[in-house]
Amino acid sequence: NSMTMMINLRKLRFVLILISVSVIFHVTEAADEDETETIAERRKKAMSKAWYMQKIEFQGKRLPMSPVSLAVGFISIYYLITNWGGESGGGNKTYCEASHILIMDHSKDTKQKLLEFQEKIQSDPEVFAKMAKKHSGCPSKSNGGNLGKFKQGDMAPPFDKICFDPATPMKTTVGPVQTNFGWHLIYIHERKLPE
């Protein structure tokens, strides 16, 4: 899925930026090192730097990192664990892949219109995609309404509730569902729920 690949590329870019920032801070700190300095000279030199560029001292030993490097490292590790667990570890393995048709209106006429769409579409994903391209008010309409994979809590609560409800059938058109954006028809392609 191109949407999933694009999201993974964004995650990779984010992690690479964090690592680059950490390396730059570390190299900058290493360039200031002088092994022949006394402790008093090091402290005086460190005090002339901004607090976030000073090396961390712990039990009389200087660690090879500043508070910024340490923070960037922790953020990178946390991000990798929570967002890149995949099938092999960490992260949330619960997801849903769905398409939708959004009509940005809250009237009963719109709900009735979507019920008519649902009659035409039934369980045909190709018809659903064509109807999404023609009628949806969401930018995903260019992709046949496909939202890609998303985690529980990523969507508006009523939409999320339908997508992650084990009683909601997959590979058929469900709805109409009303959210703060308007009325939706939803087609769930795939879903993985907690075991």
# chains A, B, ... in the order shown; residues from 1 in each chain; ligands from 1
>>> residues_around(residues="Ser99 (chain A)", least_positions_apart="6", cutoff="6 Å", atoms="only C-alpha atoms", output="ChimeraX atom specification")
/A:145-147,186-187
>>> atom_distance(atom1="CA of Glu41 (chain A)", atom2="CA of Ala71 (chain A)")
26.4 Å
>>> residues_around(residues="region 100-114 of chain A", least_positions_apart="6", cutoff="9 Å", atoms="only C-alpha atoms", output="PyMOL selection string")
chain A and resi 128-129+131-133+135-138+140-141+144-147+173+175-188
>>> atom_distance(atom1="CA of Leu193 (chain A)", atom2="CA of Pro158 (chain A)")
17.1 Å
